[in-house]
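K.L.:
Data file protein.cif (mmCIF, C-alpha atoms) is appended below.
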```
data_model
loop_
_atom_site.label_atom_id
_atom_site.label_comp_id
_atom_site.auth_asym_id
_atom_site.auth_seq_id
_atom_site.Cartn_x
_atom_site.Cartn_y
_atom_site.Cartn_z
CA MET A 1014 0.00 0.00 0.00
CA ASN A 1015 1.01 3.65 -0.29
CA SER A 1016 3.09 5.35 2.38
CA ARG A 1017 1.64 8.25 4.39
CA GLN A 1018 3.66 10.70 2.29
CA GLN A 1019 2.31 9.17 -0.92
CA GLN A 1020 -1.22 9.47 0.48
CA LEU A 1021 -0.65 13.14 1.34
CA ASP A 1022 0.85 13.78 -2.11
CA ALA A 1023 -2.20 12.19 -3.77
CA PHE A 1024 -4.54 14.34 -1.70
CA GLY A 1025 -2.54 17.44 -2.57
CA ARG A 1026 -2.75 16.50 -6.25
CA LEU A 1027 -6.54 16.34 -5.98
CA LEU A 1028 -6.62 19.78 -4.34
CA ASP A 1029 -4.46 21.19 -7.16
CA ILE A 1030 -6.74 19.68 -9.82
CA MET A 1031 -9.78 21.12 -8.03
CA ASP A 1032 -8.16 24.56 -8.13
CA ASP A 1033 -7.60 24.18 -11.90
CA LEU A 1034 -11.15 22.99 -12.58
CA ARG A 1035 -12.73 25.77 -10.56
CA GLU A 1036 -10.69 28.35 -12.45
CA LYS A 1037 -10.78 26.98 -15.99
CA CYS A 1038 -13.74 24.60 -16.52
CA PRO A 1039 -17.05 26.30 -17.46
CA TRP A 1040 -19.13 23.60 -15.74
CA ASP A 1041 -17.09 23.48 -12.53
CA LYS A 1042 -17.01 27.28 -12.29
CA LYS A 1043 -20.82 27.42 -12.26
CA GLN A 1044 -21.37 24.96 -9.43
CA THR A 1045 -22.66 26.01 -6.01
CA LEU A 1046 -23.22 24.20 -2.72
CA GLU A 1047 -26.87 23.84 -3.71
CA SER A 1048 -26.25 22.60 -7.25
CA LEU A 1049 -23.89 19.89 -6.01
CA ARG A 1050 -26.23 18.62 -3.29
CA HIS A 1051 -28.33 16.21 -5.37
CA LEU A 1052 -25.22 14.93 -7.14
CA THR A 1053 -23.58 14.18 -3.80
CA ILE A 1054 -26.64 12.23 -2.68
CA GLU A 1055 -26.52 10.24 -5.93
CA GLU A 1056 -22.82 9.47 -5.48
CA THR A 1057 -23.46 8.30 -1.92
CA TYR A 1058 -26.12 5.87 -3.12
CA GLU A 1059 -23.76 4.58 -5.81
CA LEU A 1060 -21.15 3.94 -3.12
CA GLY A 1061 -23.79 2.12 -1.10
CA ASP A 1062 -24.59 -0.11 -4.08
CA ALA A 1063 -20.92 -0.96 -4.56
CA ILE A 1064 -20.60 -1.88 -0.88
CA LEU A 1065 -23.65 -4.16 -1.01
CA ASN A 1066 -22.26 -5.79 -4.15
CA LYS A 1067 -18.89 -6.28 -2.40
CA ASP A 1068 -17.22 -4.83 -5.51
CA LEU A 1069 -13.94 -3.49 -4.11
CA GLN A 1070 -12.82 -1.86 -7.37
CA GLU A 1071 -16.15 -0.07 -7.67
CA ILE A 1072 -15.96 0.97 -4.00
CA LYS A 1073 -12.57 2.56 -4.68
CA LYS A 1074 -14.00 4.43 -7.65
CA GLU A 1075 -17.10 5.64 -5.80
CA LEU A 1076 -15.06 6.72 -2.77
CA GLY A 1077 -13.09 8.92 -5.17
CA ASP A 1078 -16.31 10.49 -6.42
CA VAL A 1079 -17.48 11.21 -2.87
CA LEU A 1080 -14.05 12.61 -1.94
CA LEU A 1081 -14.17 14.88 -4.97
CA HIS A 1082 -17.45 16.33 -3.73
CA ILE A 1083 -15.99 17.00 -0.28
CA VAL A 1084 -13.03 18.80 -1.84
CA PHE A 1085 -15.42 20.69 -4.15
CA TYR A 1086 -17.54 21.96 -1.24
CA ALA A 1087 -14.41 23.00 0.66
CA LYS A 1088 -13.11 24.87 -2.40
CA ILE A 1089 -16.38 26.80 -2.70
CA GLY A 1090 -16.24 27.58 1.03
CA SER A 1091 -12.70 28.93 0.67
CA GLU A 1092 -13.81 31.34 -2.08
CA THR A 1093 -16.11 33.12 0.39
CA ASN A 1094 -13.53 32.86 3.21
CA ASP A 1095 -15.94 30.76 5.29
CA PHE A 1096 -13.90 27.56 5.47
CA ASP A 1097 -11.39 25.49 3.51
CA ILE A 1098 -10.33 21.86 3.45
CA ALA A 1099 -7.99 22.33 6.43
CA ASP A 1100 -10.89 23.71 8.49
CA VAL A 1101 -13.00 20.71 7.49
CA CYS A 1102 -10.26 18.26 8.50
CA ASN A 1103 -9.46 20.04 11.76
CA GLU A 1104 -13.14 20.24 12.71
CA ILE A 1105 -13.66 16.49 12.38
CA CYS A 1106 -10.33 15.77 14.12
CA GLU A 1107 -11.30 17.86 17.15
CA LYS A 1108 -14.72 16.24 17.29
CA LEU A 1109 -13.26 12.73 17.13
CA ILE A 1110 -10.76 13.49 19.89
CA PHE A 1111 -13.48 14.99 22.12
CA ARG A 1112 -15.87 12.10 21.55
CA HIS A 1113 -13.25 9.40 22.16
CA PRO A 1114 -12.09 10.15 25.71
CA HIS A 1115 -11.38 6.43 26.12
CA ILE A 1116 -8.62 6.89 23.52
CA TYR A 1117 -7.48 10.48 24.09
CA GLY A 1118 -8.41 10.81 27.77
CA ASP A 1119 -8.68 8.79 30.93
CA VAL A 1120 -12.17 7.35 30.45
CA VAL A 1121 -12.41 3.54 30.64
CA VAL A 1122 -15.07 1.66 28.64
CA ALA A 1123 -16.00 -2.00 28.76
CA ASP A 1124 -17.34 -2.48 25.25
CA GLU A 1125 -18.83 -0.96 22.09
CA GLU A 1126 -22.13 -0.20 23.83
CA GLU A 1127 -20.47 2.01 26.42
CA VAL A 1128 -18.65 3.85 23.63
CA LYS A 1129 -21.98 4.60 21.93
CA GLN A 1130 -23.60 5.72 25.19
CA ASN A 1131 -20.70 8.07 25.94
CA TRP A 1132 -20.91 9.41 22.38
CA GLU A 1133 -24.53 10.51 22.88
CA LYS A 1134 -23.81 12.01 26.31
CA LEU A 1135 -20.91 14.02 24.90
CA LYS A 1136 -23.11 15.33 22.08
CA LEU A 1137 -25.53 16.71 24.68
CA LYS A 1138 -22.59 18.41 26.40
CA GLU A 1139 -21.83 20.13 23.11
CA GLY A 1140 -25.10 22.02 23.45
CA LYS A 1141 -27.57 19.77 21.69
CA LYS A 1142 -30.97 19.84 23.39
CA SER A 1143 -32.07 16.43 22.11
CA VAL A 1144 -30.27 13.25 21.17
CA LEU A 1145 -32.49 13.22 18.06
CA GLU A 1146 -31.10 16.50 16.73
CA GLY A 1147 -28.43 14.56 14.89
CA VAL A 1148 -30.96 12.68 12.74
CA PRO A 1149 -31.18 14.48 9.37
CA LYS A 1150 -34.74 15.44 8.44
CA GLY A 1151 -34.16 14.48 4.81
CA LEU A 1152 -33.24 10.85 5.48
CA PRO A 1153 -35.42 8.19 3.84
CA ALA A 1154 -38.04 7.09 6.37
CA LEU A 1155 -36.65 3.56 6.84
CA VAL A 1156 -33.13 4.82 7.50
CA LYS A 1157 -34.47 7.59 9.73
CA ALA A 1158 -36.42 5.10 11.88
CA SER A 1159 -33.27 3.03 12.33
CA ARG A 1160 -31.21 6.06 13.33
CA ILE A 1161 -33.89 7.29 15.75
CA GLN A 1162 -33.94 3.94 17.52
CA ASP A 1163 -30.16 3.78 17.63
CA LYS A 1164 -29.97 7.28 19.11
CA VAL A 1165 -32.46 6.71 21.93
CA LYS A 1166 -30.80 3.40 22.73
CA GLY A 1167 -27.62 5.39 23.43
CA VAL A 1168 -29.31 7.04 26.43
CA GLY A 1169 -30.92 3.85 27.72
CA PHE A 1170 -34.40 4.12 26.17
CA ASP A 1171 -34.65 0.61 24.82
CA TRP A 1172 -36.16 -2.84 25.21
CA GLU A 1173 -34.24 -5.31 27.34
CA GLU A 1174 -34.79 -8.55 25.39
CA PRO A 1175 -35.46 -9.42 21.71
CA HIS A 1176 -38.64 -11.32 22.58
CA GLN A 1177 -40.14 -8.12 23.99
CA VAL A 1178 -39.64 -6.42 20.65
CA TRP A 1179 -41.13 -9.38 18.80
CA ASP A 1180 -44.16 -9.24 21.10
CA LYS A 1181 -44.50 -5.58 20.15
CA VAL A 1182 -44.39 -6.51 16.47
CA GLN A 1183 -47.20 -9.01 17.02
CA GLU A 1184 -49.22 -6.41 18.93
CA GLU A 1185 -48.84 -3.88 16.13
CA LEU A 1186 -49.83 -6.47 13.52
CA GLN A 1187 -53.02 -7.22 15.45
CA GLU A 1188 -53.84 -3.52 15.69
CA LEU A 1189 -53.27 -3.19 11.95
CA GLN A 1190 -55.67 -6.05 11.23
CA VAL A 1191 -58.34 -4.39 13.37
CA GLU A 1192 -58.11 -1.20 11.32
CA VAL A 1193 -58.01 -3.12 8.04
CA LYS A 1194 -61.32 -4.76 8.95
CA ALA A 1195 -62.74 -1.38 10.01
CA GLY A 1196 -61.69 0.14 6.69
CA ASP A 1197 -60.43 3.50 8.00
CA GLN A 1198 -57.59 4.36 5.63
CA ASP A 1199 -55.96 6.99 7.87
CA LYS A 1200 -55.81 4.53 10.77
CA ILE A 1201 -54.58 1.77 8.47
CA ASP A 1202 -51.73 4.04 7.37
CA ALA A 1203 -50.89 4.87 10.98
CA GLU A 1204 -50.90 1.26 12.12
CA PHE A 1205 -48.90 0.12 9.10
CA GLY A 1206 -46.26 2.70 10.02
CA ASP A 1207 -46.21 1.32 13.56
CA VAL A 1208 -45.66 -2.20 12.19
CA LEU A 1209 -42.73 -1.04 10.09
CA PHE A 1210 -41.21 0.91 12.97
CA SER A 1211 -41.43 -2.10 15.29
CA MET A 1212 -39.97 -4.41 12.62
CA ILE A 1213 -37.03 -2.06 12.16
CA ASN A 1214 -36.57 -2.13 15.92
CA TYR A 1215 -36.59 -5.93 15.89
CA ALA A 1216 -34.02 -5.91 13.09
CA ARG A 1217 -31.70 -3.94 15.36
CA PHE A 1218 -31.95 -6.62 18.03
CA LEU A 1219 -31.13 -9.24 15.40
CA LYS A 1220 -28.12 -7.14 14.33
CA VAL A 1221 -29.68 -6.74 10.88
CA ASN A 1222 -29.39 -3.47 8.97
CA PRO A 1223 -32.96 -3.14 7.64
CA GLU A 1224 -31.99 -0.85 4.76
CA ASP A 1225 -29.30 -3.25 3.55
CA ALA A 1226 -31.54 -6.28 4.06
CA LEU A 1227 -34.37 -4.72 2.06
CA GLU A 1228 -32.02 -3.63 -0.71
CA ARG A 1229 -30.63 -7.16 -0.99
CA THR A 1230 -34.19 -8.43 -1.33
CA ASN A 1231 -34.86 -5.77 -3.99
CA LYS A 1232 -31.82 -6.92 -5.95
CA LYS A 1233 -32.85 -10.56 -5.57
CA PHE A 1234 -36.38 -9.82 -6.80
CA ILE A 1235 -35.09 -7.81 -9.78
CA LYS A 1236 -32.73 -10.62 -10.79
CA ARG A 1237 -35.47 -13.25 -10.59
CA PHE A 1238 -38.04 -11.12 -12.38
CA GLN A 1239 -35.63 -10.31 -15.20
CA TYR A 1240 -34.97 -14.04 -15.57
CA LEU A 1241 -38.73 -14.50 -15.88
CA GLU A 1242 -38.86 -11.77 -18.53
CA SER A 1243 -36.01 -13.35 -20.49
CA LYS A 1244 -37.71 -16.75 -20.48
CA ALA A 1245 -40.98 -15.21 -21.63
CA GLY A 1246 -39.03 -13.50 -24.40
CA GLU A 1247 -37.55 -16.83 -25.51
CA LEU A 1248 -41.08 -18.18 -25.80
CA GLY A 1249 -42.15 -15.10 -27.72
CA LYS A 1250 -44.95 -14.61 -25.22
CA PRO A 1251 -45.58 -11.29 -23.42
CA LEU A 1252 -45.77 -11.59 -19.64
CA MET A 1253 -49.25 -10.10 -19.62
CA ASP A 1254 -50.42 -13.04 -21.75
CA MET A 1255 -49.01 -15.63 -19.37
CA THR A 1256 -50.91 -17.09 -16.44
CA LEU A 1257 -49.53 -16.83 -12.93
CA ALA A 1258 -48.99 -20.60 -12.96
CA GLU A 1259 -46.85 -20.30 -16.11
CA MET A 1260 -44.85 -17.44 -14.65
CA ASP A 1261 -44.37 -19.32 -11.39
CA ILE A 1262 -42.52 -22.11 -13.21
CA PHE A 1263 -39.81 -19.70 -14.34
CA TRP A 1264 -39.84 -17.93 -10.97
CA GLU A 1265 -39.01 -21.21 -9.23
CA GLU A 1266 -36.24 -21.81 -11.76
CA ALA A 1267 -34.84 -18.38 -10.98
CA LYS A 1268 -34.87 -19.14 -7.25
CA LYS A 1269 -32.78 -22.26 -7.84
CA LEU A 1270 -30.27 -20.25 -9.81
#
```
Would you give me this structure, written as structure tokens?

P.N.:
Amino acid sequence: MNSRQQQLDAFGRLLDIMDDLREKCPWDKKQTLESLRHLTIEETYELGDAILNKDLQEIKKELGDVLLHIVFYAKIGSETNDFDIADVCNEICEKLIFRHPHIYGDVVVADEEEVKQNWEKLKLKEGKKSVLEGVPKGLPALVKASRIQDKVKGVGFDWEEPHQVWDKVQEELQELQVEVKAGDQDKIDAEFGDVLFSMINYARFLKVNPEDALERTNKKFIKRFQYLESKAGELGKPLMDMTLAEMDIFWEEAKKL
């Protein structure tokens, strides 16, 4: 692997290229913090896909794209004298040192859970009024639910045993069925949300990342359905003209693959 000096040289090279692009490239010169935002989100999702696919070469490529965006934001910040890349690096360094007193101080922790609990307590000392302030409002709902539950766990608001969470799931399912029979759509929506929230909570106790698990299932379904489409194409028969029984034959084949 590269030495620390080679790593620093590579980072400096990226900063130099960013300076050139911002000065000379018509597209790069036009970009703002706001115009880059949706592109950054897209790059982050692409990195997430590469991680789920365990494609190390693609991960390396996507990490470069995300790093470029960080450097880009810092360059824009330097042009208004608000911050530059050194400020960004120093800010995160100071935060990491402050929030790891078991490494940079005299605090002793027993395990990962104590580290996470201390992390949330230290955030409150920084002036945050709620442990939930750190959950971005724009997160997708499934990810947000997971982060909310993780945050409140850090201050001790949590179930004690997995079976208690599973009992809660069952309770919420029963409440959903009551509202389904009653036919009140608003209440059905509310109870369905409660079911999802409790299932995400149960996933945490099983040490399952619900977002990753669902995305793996999405990918699995897509692969199987596209196999079904390809087989229908070989028969020269549109899917809409096939019966469910006919489609199920190819679906079972896809599952075996």

K.L.:
List as a PDB file with C-alpha atoms, in the coordinates of the input the protein and nucleic acid residues near region 1154-1164 of chain A, meaning an atom at most 12 Å away when only C-alpha atoms are counted, but skip any in the same chain fewer than 5 places from it.

P.N.:
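Output below, filename result.pdb:
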```pdb
ATOM      1  CA  GLU A1126     -22.130  -0.200  23.830  1.00  0.00           C
ATOM      2  CA  LYS A1129     -21.980   4.600  21.930  1.00  0.00           C
ATOM      3  CA  GLN A1130     -23.600   5.720  25.190  1.00  0.00           C
ATOM      4  CA  ASN A1131     -20.700   8.070  25.940  1.00  0.00           C
ATOM      5  CA  TRP A1132     -20.910   9.410  22.380  1.00  0.00           C
ATOM      6  CA  GLU A1133     -24.530  10.510  22.880  1.00  0.00           C
ATOM      7  CA  LYS A1134     -23.810  12.010  26.310  1.00  0.00           C
ATOM      8  CA  LYS A1136     -23.110  15.330  22.080  1.00  0.00           C
ATOM      9  CA  LEU A1137     -25.530  16.710  24.680  1.00  0.00           C
ATOM     10  CA  SER A1143     -32.070  16.430  22.110  1.00  0.00           C
ATOM     11  CA  VAL A1144     -30.270  13.250  21.170  1.00  0.00           C
ATOM     12  CA  LEU A1145     -32.490  13.220  18.060  1.00  0.00           C
ATOM     13  CA  GLU A1146     -31.100  16.500  16.730  1.00  0.00           C
ATOM     14  CA  GLY A1147     -28.430  14.560  14.890  1.00  0.00           C
ATOM     15  CA  VAL A1148     -30.960  12.680  12.740  1.00  0.00           C
ATOM     16  CA  PRO A1149     -31.180  14.480   9.370  1.00  0.00           C
ATOM     17  CA  GLY A1169     -30.920   3.850  27.720  1.00  0.00           C
ATOM     18  CA  PHE A1170     -34.400   4.120  26.170  1.00  0.00           C
ATOM     19  CA  ASP A1171     -34.650   0.610  24.820  1.00  0.00           C
ATOM     20  CA  TRP A1172     -36.160  -2.840  25.210  1.00  0.00           C
ATOM     21  CA  GLY A1206     -46.260   2.700  10.020  1.00  0.00           C
ATOM     22  CA  ASP A1207     -46.210   1.320  13.560  1.00  0.00           C
ATOM     23  CA  VAL A1208     -45.660  -2.200  12.190  1.00  0.00           C
ATOM     24  CA  LEU A1209     -42.730  -1.040  10.090  1.00  0.00           C
ATOM     25  CA  PHE A1210     -41.210   0.910  12.970  1.00  0.00           C
ATOM     26  CA  SER A1211     -41.430  -2.100  15.290  1.00  0.00           C
ATOM     27  CA  MET A1212     -39.970  -4.410  12.620  1.00  0.00           C
ATOM     28  CA  ILE A1213     -37.030  -2.060  12.160  1.00  0.00           C
ATOM     29  CA  ASN A1214     -36.570  -2.130  15.920  1.00  0.00           C
ATOM     30  CA  TYR A1215     -36.590  -5.930  15.890  1.00  0.00           C
ATOM     31  CA  ALA A1216     -34.020  -5.910  13.090  1.00  0.00           C
ATOM     32  CA  ARG A1217     -31.700  -3.940  15.360  1.00  0.00           C
ATOM     33  CA  PHE A1218     -31.950  -6.620  18.030  1.00  0.00           C
ATOM     34  CA  LYS A1220     -28.120  -7.140  14.330  1.00  0.00           C
ATOM     35  CA  VAL A1221     -29.680  -6.740  10.880  1.00  0.00           C
ATOM     36  CA  ASN A1222     -29.390  -3.470   8.970  1.00  0.00           C
ATOM     37  CA  PRO A1223     -32.960  -3.140   7.640  1.00  0.00           C
ATOM     38  CA  GLU A1224     -31.990  -0.850   4.760  1.00  0.00           C
ATOM     39  CA  ASP A1225     -29.300  -3.250   3.550  1.00  0.00           C
ATOM     40  CA  ALA A1226     -31.540  -6.280   4.060  1.00  0.00           C
ATOM     41  CA  LEU A1227     -34.370  -4.720   2.060  1.00  0.00           C
ATOM     42  CA  GLU A1228     -32.020  -3.630  -0.710  1.00  0.00           C
TER      43      GLU A1228
END
```

K.L.:
Go ahead and compute the interatomic distance for CA of Arg1237 (chain A) and CA of Lys1269 (chain A), in Å to one decimal.

P.N.:
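So the answer is 9.8 Å.
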
K.L.:
Measure the distance from CA of Lys1166 (chain A) to CA of Thr1230 (chain A) in Å and round it to one decimal.

P.N.:
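These atoms are spaced 27.0 Å apart.
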
K.L.:
Any idea what's packed within 12 Å of Glu1092 (chain A), counting all atoms listed in the file, ignoring anything in its chain fewer than 6 positions away? Could you give it as a ChimeraX atom specification?

P.N.:
/A:1032,1035-1036,1042,1045-1046,1085-1086,1098

K.L.:
Written as JSON, numbers by chain, which residues does the PyMOL selection byres ((chain A and resi 1242) around 12) give for the file shown?

P.N.:
{"A": [1235, 1236, 1237, 1238, 1239, 1240, 1241, 1243, 1244, 1245, 1246, 1247, 1248, 1249, 1250, 1251, 1252, 1253, 1255, 1259, 1260, 1261, 1263, 1264, 1267]}

K.L.:
Find the residue from A:Leu1189, A:Leu1069, A:Val1128, A:Leu1027 that sits nearest to Val1084 (chain A); use only C-alpha atoms when measuring.

P.N.:
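Closest to Val1084 (chain A), using only C-alpha atoms: A:Leu1027.
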
K.L.:
So how far away is CA of Gly1167 (chain A) from CA of Glu1185 (chain A), in Å?

P.N.:
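Interatomic distance, CA of Glu1185 (chain A) to CA of Gly1167 (chain A): 24.3 Å.
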
K.L.:
Using all atoms listed in the file for the distances, tell me which of A:Ala1203, A:Glu1127, A:Leu1076, A:Ile1083 is nearest to Ala1099 (chain A).

P.N.:
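When distances to Ala1099 (chain A) are compared using all atoms listed in the file, the smallest one comes from A:Ile1083.
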
K.L.:
Assuming 4 Å of padding per side, give the centre and edge lengths of the axis-aligned box around every listed atom of region 1189-1201 of chain A, in Å to one decimal and as lines of an AutoDock Vina configuration file.

P.N.:
```
center_x = -58.0
center_y = 0.5
center_z = 9.5
size_x = 17.5
size_y = 21.0
size_z = 15.7
```

K.L.:
Go through the shown structure with the PyMOL selection byres ((chain A and resi 1100-1104) around 12) and write out the matching residues as number ranges by chain.

P.N.:
A: 1083-1088, 1090-1091, 1094-1099, 1105-1111

K.L.:
If we count all atoms listed in the file and set the cut-off at 9 Å, which residues sit around Glu1192 (chain A), ignoring sequence neighbours fewer than 5 positions away in its own chain? Please answer as a list in words.

P.N.:
Gln1187, Asp1197, Gln1198, Lys1200, Ile1201 and Glu1204 of chain A

K.L.:
Regenerate region 1115-1125 of chain A at the level of all heavy atoms and dump it as a compact mmCIF listing (two decimals), keeping the file's coordinate frame.

P.N.:
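Just written: result-v3.txt:
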```
# COMPACT_ATOMS: atom_id res chain seq x y z
N HIS A 1115 -11.98 7.70 25.75
CA HIS A 1115 -11.38 6.43 26.12
C HIS A 1115 -10.10 6.17 25.33
O HIS A 1115 -9.34 5.24 25.65
CB HIS A 1115 -12.37 5.28 25.89
CG HIS A 1115 -12.95 5.24 24.52
ND1 HIS A 1115 -13.83 6.19 24.05
CD2 HIS A 1115 -12.74 4.38 23.49
CE1 HIS A 1115 -14.16 5.89 22.81
NE2 HIS A 1115 -13.51 4.81 22.45
N ILE A 1116 -9.86 6.99 24.30
CA ILE A 1116 -8.62 6.89 23.52
C ILE A 1116 -7.70 8.06 23.86
O ILE A 1116 -6.51 7.90 24.07
CB ILE A 1116 -8.91 6.89 22.01
CG1 ILE A 1116 -9.84 5.73 21.63
CG2 ILE A 1116 -7.60 6.82 21.21
CD1 ILE A 1116 -9.26 4.37 21.87
N TYR A 1117 -8.28 9.27 23.90
CA TYR A 1117 -7.48 10.48 24.09
C TYR A 1117 -7.62 11.08 25.49
O TYR A 1117 -7.19 12.20 25.74
CB TYR A 1117 -7.88 11.52 23.04
CG TYR A 1117 -7.65 11.03 21.62
CD1 TYR A 1117 -8.71 10.59 20.84
CD2 TYR A 1117 -6.37 10.98 21.09
CE1 TYR A 1117 -8.51 10.12 19.55
CE2 TYR A 1117 -6.15 10.52 19.80
CZ TYR A 1117 -7.23 10.08 19.04
OH TYR A 1117 -7.01 9.62 17.76
N GLY A 1118 -8.25 10.35 26.40
CA GLY A 1118 -8.41 10.81 27.77
C GLY A 1118 -8.25 9.65 28.73
O GLY A 1118 -7.63 8.64 28.41
N ASP A 1119 -8.84 9.82 29.91
CA ASP A 1119 -8.68 8.79 30.93
C ASP A 1119 -9.95 7.99 31.20
O ASP A 1119 -10.06 7.29 32.20
CB ASP A 1119 -8.19 9.42 32.24
CG ASP A 1119 -9.10 10.55 32.70
OD1 ASP A 1119 -10.16 10.76 32.08
OD2 ASP A 1119 -8.74 11.22 33.69
N VAL A 1120 -10.93 8.09 30.30
CA VAL A 1120 -12.17 7.35 30.45
C VAL A 1120 -11.94 5.87 30.10
O VAL A 1120 -11.24 5.56 29.13
CB VAL A 1120 -13.28 7.94 29.56
CG1 VAL A 1120 -14.53 7.06 29.58
CG2 VAL A 1120 -13.63 9.34 30.02
N VAL A 1121 -12.52 4.98 30.89
CA VAL A 1121 -12.41 3.54 30.64
C VAL A 1121 -13.77 3.01 30.21
O VAL A 1121 -14.79 3.31 30.84
CB VAL A 1121 -11.93 2.79 31.90
CG1 VAL A 1121 -11.90 1.28 31.64
CG2 VAL A 1121 -10.57 3.30 32.34
N VAL A 1122 -13.82 2.26 29.12
CA VAL A 1122 -15.07 1.66 28.64
C VAL A 1122 -14.91 0.15 28.57
O VAL A 1122 -13.81 -0.36 28.34
CB VAL A 1122 -15.48 2.21 27.26
CG1 VAL A 1122 -15.81 3.68 27.34
CG2 VAL A 1122 -14.39 1.97 26.22
N ALA A 1123 -16.04 -0.54 28.76
CA ALA A 1123 -16.00 -2.00 28.76
C ALA A 1123 -16.18 -2.59 27.37
O ALA A 1123 -15.60 -3.62 27.03
CB ALA A 1123 -17.07 -2.55 29.70
N ASP A 1124 -17.02 -1.91 26.56
CA ASP A 1124 -17.34 -2.48 25.25
C ASP A 1124 -17.89 -1.41 24.32
O ASP A 1124 -17.93 -0.21 24.65
CB ASP A 1124 -18.36 -3.61 25.39
CG ASP A 1124 -19.59 -3.19 26.19
OD1 ASP A 1124 -19.91 -1.98 26.19
OD2 ASP A 1124 -20.24 -4.06 26.80
N GLU A 1125 -18.31 -1.86 23.13
CA GLU A 1125 -18.83 -0.96 22.09
C GLU A 1125 -20.06 -0.20 22.58
O GLU A 1125 -20.23 0.98 22.25
CB GLU A 1125 -19.19 -1.79 20.85
CG GLU A 1125 -19.88 -1.01 19.75
CD GLU A 1125 -20.51 -1.92 18.71
OE1 GLU A 1125 -20.40 -3.15 18.84
OE2 GLU A 1125 -21.13 -1.38 17.78
```
